[in-house]
Structure formats: structure tokens, C-alpha cells
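Below: upload.pdb (PDB, C-alpha atoms)
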ATOM      1  CA  MET A  10      59.583  19.842   0.367
ATOM      2  CA  PRO A  11      58.155  23.343  -0.160
ATOM      3  CA  PHE A  12      54.865  23.570  -2.027
ATOM      4  CA  PRO A  13      54.142  26.695  -4.094
ATOM      5  CA  GLY A  14      50.640  28.079  -3.981
ATOM      6  CA  LYS A  15      49.116  31.075  -5.726
ATOM      7  CA  THR A  16      49.709  33.484  -2.829
ATOM      8  CA  GLY A  17      52.697  31.919  -1.061
ATOM      9  CA  VAL A  18      55.106  29.025  -0.668
ATOM     10  CA  TYR A  19      54.418  26.558   2.147
ATOM     11  CA  SER A  20      57.109  24.529   3.867
ATOM     12  CA  GLY A  21      54.906  21.685   5.051
ATOM     13  CA  ASP A  22      55.156  22.662   8.719
ATOM     14  CA  GLY A  23      52.003  22.989  10.715
ATOM     15  CA  CYS A  24      49.208  20.855  12.062
ATOM     16  CA  VAL A  25      48.437  17.551  10.355
ATOM     17  CA  GLN A  26      45.268  15.509  10.591
ATOM     18  CA  LEU A  27      45.005  12.118   8.932
ATOM     19  CA  LEU A  28      41.546  11.283   7.694
ATOM     20  CA  GLY A  29      40.008   7.852   8.176
ATOM     21  CA  THR A  30      40.060   4.922   5.810
ATOM     22  CA  THR A  31      36.276   4.734   5.600
ATOM     23  CA  LYS A  32      33.695   7.351   4.707
ATOM     24  CA  ARG A  33      32.224   7.244   8.221
ATOM     25  CA  ASP A  34      35.617   7.687   9.929
ATOM     26  CA  THR A  35      36.458  10.608   7.660
ATOM     27  CA  LYS A  36      33.110  12.270   8.286
ATOM     28  CA  ASP A  37      33.577  11.915  12.067
ATOM     29  CA  ILE A  38      37.070  13.427  11.902
ATOM     30  CA  ILE A  39      35.874  16.376   9.792
ATOM     31  CA  THR A  40      33.001  16.974  12.228
ATOM     32  CA  LEU A  41      35.462  16.973  15.145
ATOM     33  CA  LEU A  42      37.734  19.414  13.298
ATOM     34  CA  LYS A  43      34.796  21.764  12.700
ATOM     35  CA  GLN A  44      33.730  21.589  16.357
ATOM     36  CA  ASN A  45      37.265  22.404  17.541
ATOM     37  CA  LYS A  46      37.542  25.283  15.009
ATOM     38  CA  TRP A  47      40.609  23.778  13.404
ATOM     39  CA  ILE A  48      40.492  26.427  10.667
ATOM     40  CA  ASP A  49      40.588  29.882  12.241
ATOM     41  CA  ARG A  50      41.760  33.423  11.412
ATOM     42  CA  SER A  51      45.430  32.503  11.670
ATOM     43  CA  THR A  52      45.125  29.622   9.185
ATOM     44  CA  ARG A  53      46.963  30.485   5.963
ATOM     45  CA  ALA A  54      46.529  27.252   4.010
ATOM     46  CA  VAL A  55      44.804  23.878   4.141
ATOM     47  CA  PHE A  56      46.146  20.940   2.159
ATOM     48  CA  LEU A  57      44.266  17.809   1.215
ATOM     49  CA  GLU A  58      46.617  15.117  -0.054
ATOM     50  CA  TYR A  59      45.674  11.709  -1.342
ATOM     51  CA  SER A  60      46.933   9.158  -3.831
ATOM     52  CA  LYS A  61      45.081   7.208  -6.481
ATOM     53  CA  TYR A  62      46.281   4.041  -8.161
ATOM     54  CA  SER A  63      45.253   2.798 -11.603
ATOM     55  CA  ILE A  64      45.711  -0.942 -11.990
ATOM     56  CA  SER A  65      45.282  -0.862 -15.770
ATOM     57  CA  THR A  66      48.081   1.678 -16.337
ATOM     58  CA  ASN A  67      50.195   0.894 -13.235
ATOM     59  CA  LEU A  68      50.263   4.595 -12.346
ATOM     60  CA  TYR A  69      50.143   6.218  -8.938
ATOM     61  CA  SER A  70      48.747   9.728  -8.900
ATOM     62  CA  PRO A  71      49.499  11.862  -5.856
ATOM     63  CA  VAL A  72      46.926  14.656  -5.688
ATOM     64  CA  THR A  73      47.378  17.828  -3.646
ATOM     65  CA  VAL A  74      44.451  20.203  -3.222
ATOM     66  CA  LEU A  75      45.376  23.514  -1.617
ATOM     67  CA  VAL A  76      43.098  26.241  -0.312
ATOM     68  CA  GLU A  77      44.947  29.399   0.696
ATOM     69  CA  PHE A  78      43.481  31.988   3.022
ATOM     70  CA  PRO A  79      45.179  35.341   2.369
ATOM     71  CA  VAL A  80      44.886  38.257   4.798
ATOM     72  CA  SER A  81      42.069  39.677   2.647
ATOM     73  CA  GLY A  82      39.772  36.931   3.963
ATOM     74  CA  SER A  83      39.181  35.143   0.658
ATOM     75  CA  ALA A  84      39.889  31.521  -0.234
ATOM     76  CA  VAL A  85      42.187  30.774  -3.169
ATOM     77  CA  PRO A  86      42.009  27.163  -4.358
ATOM     78  CA  SER A  87      44.612  25.336  -6.441
ATOM     79  CA  TYR A  88      45.622  21.761  -7.098
ATOM     80  CA  ARG A  89      48.427  19.590  -8.431
ATOM     81  CA  VAL A  90      48.148  16.116  -9.909
ATOM     82  CA  ASP A  91      51.214  14.070 -10.856
ATOM     83  CA  SER A  92      51.328  10.582 -12.290
ATOM     84  CA  ILE A  93      54.248   8.274 -11.650
ATOM     85  CA  GLN A  94      55.033   4.669 -12.355
ATOM     86  CA  LEU A  95      56.620   3.191  -9.228
ATOM     87  CA  VAL A  96      57.029  -0.328 -10.553
ATOM     88  CA  THR A  97      58.850   0.321 -13.822
ATOM     89  CA  PHE A  98      59.412  -3.286 -14.821
ATOM     90  CA  ALA A  99      55.914  -4.624 -14.174
ATOM     91  CA  ASN A 100      54.823  -5.132 -17.759
ATOM     92  CA  GLY A 101      55.871  -7.548 -20.511
ATOM     93  CA  LEU A 102      58.653  -5.302 -21.774
ATOM     94  CA  SER A 103      60.635  -5.427 -18.505
ATOM     95  CA  ALA A 104      63.498  -7.458 -19.990
ATOM     96  CA  MET A 105      63.737  -5.027 -22.915
ATOM     97  CA  TYR A 106      63.889  -2.018 -20.558
ATOM     98  CA  ALA A 107      66.578  -3.652 -18.442
ATOM     99  CA  ILE A 108      68.677  -4.582 -21.500
ATOM    100  CA  CYS A 109      68.437  -1.038 -22.902
ATOM    101  CA  GLU A 110      69.460   0.495 -19.575
ATOM    102  CA  ILE A 111      72.430  -1.887 -19.285
ATOM    103  CA  ILE A 112      73.513  -1.045 -22.853
ATOM    104  CA  MET A 113      73.219   2.676 -22.085
ATOM    105  CA  LEU A 114      75.290   2.230 -18.924
ATOM    106  CA  GLY A 115      77.939   0.315 -20.915
ATOM    107  CA  ILE A 116      78.139   3.081 -23.540
ATOM    108  CA  PHE A 117      78.455   5.676 -20.805
ATOM    109  CA  ILE A 118      81.285   3.791 -19.057
ATOM    110  CA  TYR A 119      83.079   3.469 -22.415
ATOM    111  CA  GLN A 120      82.660   7.219 -22.984
ATOM    112  CA  VAL A 121      84.092   8.101 -19.553
ATOM    113  CA  VAL A 122      87.065   5.756 -20.038
ATOM    114  CA  ALA A 123      87.745   7.317 -23.462
ATOM    115  CA  ILE A 124      87.591  10.849 -22.027
ATOM    116  CA  ILE A 125      89.940   9.954 -19.157
ATOM    117  CA  SER A 126      92.327   8.305 -21.611
ATOM    118  CA  SER A 127      92.287  11.401 -23.844
ATOM    119  CA  ILE A 128      92.970  13.677 -20.887
ATOM    120  CA  ARG A 129      95.936  11.513 -19.842
ATOM    121  CA  ASN A 130      97.365  11.530 -23.382
ATOM    122  CA  GLU A 131      96.731  15.155 -24.305
ATOM    123  CA  HIS A 132      97.049  16.774 -20.857
ATOM    124  CA  ILE A 133      96.119  20.460 -20.947
ATOM    125  CA  SER A 134      95.695  20.576 -24.742
ATOM    126  CA  PHE A 135      92.617  18.365 -24.325
ATOM    127  CA  PHE A 136      90.730  21.376 -23.000
ATOM    128  CA  THR A 137      91.529  23.573 -26.010
ATOM    129  CA  GLN A 138      89.245  21.725 -28.437
ATOM    130  CA  PHE A 139      85.527  22.440 -28.676
ATOM    131  CA  TRP A 140      84.426  18.836 -29.198
ATOM    132  CA  ASN A 141      86.291  17.689 -26.102
ATOM    133  CA  TRP A 142      84.320  20.216 -24.076
ATOM    134  CA  PHE A 143      81.169  18.933 -25.743
ATOM    135  CA  GLU A 144      82.040  15.378 -24.653
ATOM    136  CA  LEU A 145      82.699  16.570 -21.098
ATOM    137  CA  VAL A 146      79.319  18.310 -20.967
ATOM    138  CA  CYS A 147      77.579  15.193 -22.333
ATOM    139  CA  ALA A 148      79.364  13.041 -19.745
ATOM    140  CA  GLY A 149      78.382  15.468 -16.977
ATOM    141  CA  LEU A 150      74.745  15.434 -18.057
ATOM    142  CA  THR A 151      74.806  11.635 -18.233
ATOM    143  CA  ILE A 152      76.246  11.420 -14.714
ATOM    144  CA  THR A 153      73.535  13.807 -13.522
ATOM    145  CA  SER A 154      70.847  11.787 -15.283
ATOM    146  CA  PHE A 155      72.077   8.505 -13.800
ATOM    147  CA  SER A 156      72.342  10.054 -10.322
ATOM    148  CA  VAL A 157      68.799  11.397 -10.462
ATOM    149  CA  PHE A 158      67.564   8.063 -11.867
ATOM    150  CA  ILE A 159      69.173   6.174  -8.976
ATOM    151  CA  LYS A 160      67.635   8.622  -6.464
ATOM    152  CA  LEU A 161      64.284   8.171  -8.215
ATOM    153  CA  CYS A 162      64.539   4.368  -8.000
ATOM    154  CA  VAL A 163      65.508   4.482  -4.314
ATOM    155  CA  GLU A 164      62.646   6.865  -3.510
ATOM    156  CA  ASN A 165      60.172   4.747  -5.482
ATOM    157  CA  ILE A 166      61.245   1.607  -3.630
ATOM    158  CA  ARG A 167      60.982   3.375  -0.244
ATOM    159  CA  ARG A 168      57.504   4.730  -0.987
ATOM    160  CA  TYR A 169      56.294   1.443  -2.405
ATOM    161  CA  GLU A 170      57.573  -0.485   0.644
ATOM    162  CA  LEU A 171      55.851   2.008   2.975
ATOM    163  CA  PHE A 172      52.641   1.613   1.016
ATOM    164  CA  ILE A 173      52.779  -2.201   1.032
ATOM    165  CA  ALA A 174      53.735  -2.361   4.737
ATOM    166  CA  ASP A 175      50.583  -0.619   5.950
ATOM    167  CA  GLN A 176      47.868   0.322   3.482
ATOM    168  CA  THR A 177      45.674   1.820   6.193
ATOM    169  CA  ILE A 178      47.877   4.898   6.609
ATOM    170  CA  PHE A 179      48.568   7.614   4.073
ATOM    171  CA  THR A 180      51.702   7.195   1.983
ATOM    172  CA  ASN A 181      52.739  10.435   0.335
ATOM    173  CA  PHE A 182      54.000   9.756  -3.197
ATOM    174  CA  GLY A 183      54.668  13.472  -3.763
ATOM    175  CA  LEU A 184      58.440  13.180  -3.250
ATOM    176  CA  ALA A 185      58.627  10.295  -5.720
ATOM    177  CA  ALA A 186      56.647  12.413  -8.204
ATOM    178  CA  HIS A 187      59.048  15.307  -7.604
ATOM    179  CA  TRP A 188      62.076  13.137  -8.442
ATOM    180  CA  MET A 189      60.260  11.825 -11.521
ATOM    181  CA  SER A 190      59.759  15.443 -12.679
ATOM    182  CA  VAL A 191      63.435  16.255 -12.054
ATOM    183  CA  TRP A 192      64.528  13.150 -13.950
ATOM    184  CA  LYS A 193      62.307  14.042 -16.908
ATOM    185  CA  MET A 194      63.880  17.524 -17.024
ATOM    186  CA  VAL A 195      67.418  16.135 -16.895
ATOM    187  CA  TYR A 196      66.792  13.183 -19.181
TER     188      TYR A 196
END
Mind turning the file's structure into C-alpha cells?
Amino acid sequence: MPFPGKTGVYSGDGCVQLLGTTKRDTKDIITLLKQNKWIDRSTRAVFLEYSKYSISTNLYSPVTVLVEFPVSGSAVPSYRVDSIQLVTFANGLSAMYAICEIIMLGIFIYQVVAIISSIRNEHISFFTQFWNWFELVCAGLTITSFSVFIKLCVENIRRYELFIADQTIFTNFGLAAHWMSVWKMVY
């Protein structure tokens, strides 16, 4: 997924170095990178990505710190912090959330059936009325919202399973945060 900086857009290609899980391991890796001149004149950007988890709020926060090195020789820093809730139904209101989502899905299915029925009855004259177009747009937006929500749920489950499987390696929650942002825009 491309990441926009202040001086360019970065595709995510390039060299990757995972840092250690302890302070000592990380310090040793950074020392080795300095000795091998990992950052040189051809380096255009350095990313530092990590994730934080808050137990009290059940939020994961993927953090991306970017330092860009334009041709002028300067360093341009920027950062991005997102907060996402991977486990949506982890609190006491989980049954309420599930019931509301099922009711919303039922209303949506009813709306689609009614639109299809109207199209079958009215044929081409269905498309001549403003409110029918309004219903079609609402149905299209609802389909989009549900599709993005399903993609968000699948991505959250994948990231969470990766995280639980091996907590000693870095799990990037940035894609899950991206889908959360898209869903918020559509919703």
C-alpha cells in the first residue's frame, strides 16, 4: 500500500530490517546498520513502524514515522498514527452490537427485495422517478458499506491471528487501519 510523505509517495519496496524484541537486541541491530552504512546518499526515505496496544480501550495503534531525504540533502520528518479496534465485540455491549447489525442487514435485504419488485412491476418507468433513483443510490451505498465492512472484518481477523500466532515478530496493522478509514468514509 503506497504511503504518502511530504516530498513523495513510497510504494513500500526497498530494504527492510526488523528490530529486536528487547532494547539490547534493537541497539545491536541499529549499531550494525550504522557500521554497514545502511543509510547512504541514495536513500530517499526511512520508515519506522510499530504498533501499540491499549488494554483499557481495546485499541491497536499502528504508528508510522517517516524521515524523507530529498535531493537537497535535508531530512523531512512526518508521522501517522491510526487507532483501530480489532476485536469489536470484546466489551459488554457485544450482543447489542450484533443485534443492531443483524437488524440493519434485515432492513437492507427488505429494501433490495422491494426495489427489485418495483423494477419488475414498473419496468423502464421505474427509472423515471427521482425517489426511485434515490433508493437505488442508497442501496448502492449500503452494498458498498457492507462490502467494505466485510473486508475490514476479514483483514482484522487476519491481522489479529498473525499477531496471536507469533508475538515476537512485527505485525503491521496499517492495512487494517486503512480499511477502517475507508469504512468510516463510506459509512
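Remark: for A:Arg89, the closest of the candidate residues A:Val25, A:Gly183, A:Asn130, A:Lys43 is A:Gly183 (distances computed over all atoms listed in the file).
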Mind checking which residues fall within 8 Å of stretch 154-160 of chain A, counting all atoms listed in the file, ignoring those fewer than 3 positions away in the same chain, and posting them as a PyMOL selection string? chain A and resi 150-151+163-164+188+191-192+195-196
Could you please determine the separation between atom CA of A:Thr16 and atom CA of A:Pro79 in Å, to one decimal place? 7.1 Å
Return as a list in words the set of residues that the PyMOL selection byres ((chain A and resi 179) around 12) yields on the displayed structure. Val25, Gln26, Leu27, Leu28, Gly29, Thr30, Leu57, Glu58, Tyr59, Ser60, Lys61, Pro71, Arg168, Tyr169, Leu171, Phe172, Ile173, Ala174, Asp175, Gln176, Thr177, Ile178, Thr180, Asn181, Phe182 and Gly183 of chain A
Could you check the closest approach to A:Ser127 for each of A:Trp142, A:Met105, A:Lys36, A:Glu170 and tell me which residue wins, using only C-alpha atoms?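 Residue with the minimum atom-to-atom distance to A:Ser127: A:Trp142.
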Return as an NGL selection string the set of residues that the PyMOL selection byres ((chain A and resi 107-122) around 9) yields on the displayed structure. :A and (98 or 102-106 or 123-127 or 144-145 or 148 or 151-152 or 155)
Dump C-alpha atoms for the selected residues as a PDB file, in the coordinates of the input?
ATOM      1  CA  PHE A  98      59.412  -3.286 -14.821  1.00  0.00           C
ATOM      2  CA  LEU A 102      58.653  -5.302 -21.774  1.00  0.00           C
ATOM      3  CA  SER A 103      60.635  -5.427 -18.505  1.00  0.00           C
ATOM      4  CA  ALA A 104      63.498  -7.458 -19.990  1.00  0.00           C
ATOM      5  CA  MET A 105      63.737  -5.027 -22.915  1.00  0.00           C
ATOM      6  CA  TYR A 106      63.889  -2.018 -20.558  1.00  0.00           C
ATOM      7  CA  ALA A 123      87.745   7.317 -23.462  1.00  0.00           C
ATOM      8  CA  ILE A 124      87.591  10.849 -22.027  1.00  0.00           C
ATOM      9  CA  ILE A 125      89.940   9.954 -19.157  1.00  0.00           C
ATOM     10  CA  SER A 126      92.327   8.305 -21.611  1.00  0.00           C
ATOM     11  CA  SER A 127      92.287  11.401 -23.844  1.00  0.00           C
ATOM     12  CA  GLU A 144      82.040  15.378 -24.653  1.00  0.00           C
ATOM     13  CA  LEU A 145      82.699  16.570 -21.098  1.00  0.00           C
ATOM     14  CA  ALA A 148      79.364  13.041 -19.745  1.00  0.00           C
ATOM     15  CA  THR A 151      74.806  11.635 -18.233  1.00  0.00           C
ATOM     16  CA  ILE A 152      76.246  11.420 -14.714  1.00  0.00           C
ATOM     17  CA  PHE A 155      72.077   8.505 -13.800  1.00  0.00           C
TER      18      PHE A 155
END
What separation in Å, quoted to one decimal, exists between atom CA of A:Asn165 and atom CA of A:Met194?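 Those two atoms sit 17.6 Å apart.
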Run the PyMOL selection byres ((chain A and resi 12) around 10) mentally over the shown coordinates, then write out the matched residues as an MDAnalysis selection string, using the chain letters and numbers from the document. chainID A and resid 10:11 13:14 17:21 73 75 89
Starting from 8 Å padding per side, set up an axis-aligned box that covers all listed atoms of stretch 133-136 of chain A and hand over centre and edge lengths in Å, one decimal, as JSON.
{"center_x": 93.4, "center_y": 19.9, "center_z": -22.8, "size_x": 21.4, "size_y": 19.0, "size_z": 19.8}
Would you compute the distance between atom CA of A:Arg50 and atom CA of A:Thr31? Give it in Å to one decimal. 29.8 Å
Find, counting all atoms listed in the file, the residue in A:Lys15, A:Val72, A:Gly149, A:Val55 that gets nearest to A:Ser87.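 Under the stated criterion, the closest residue is A:Lys15.
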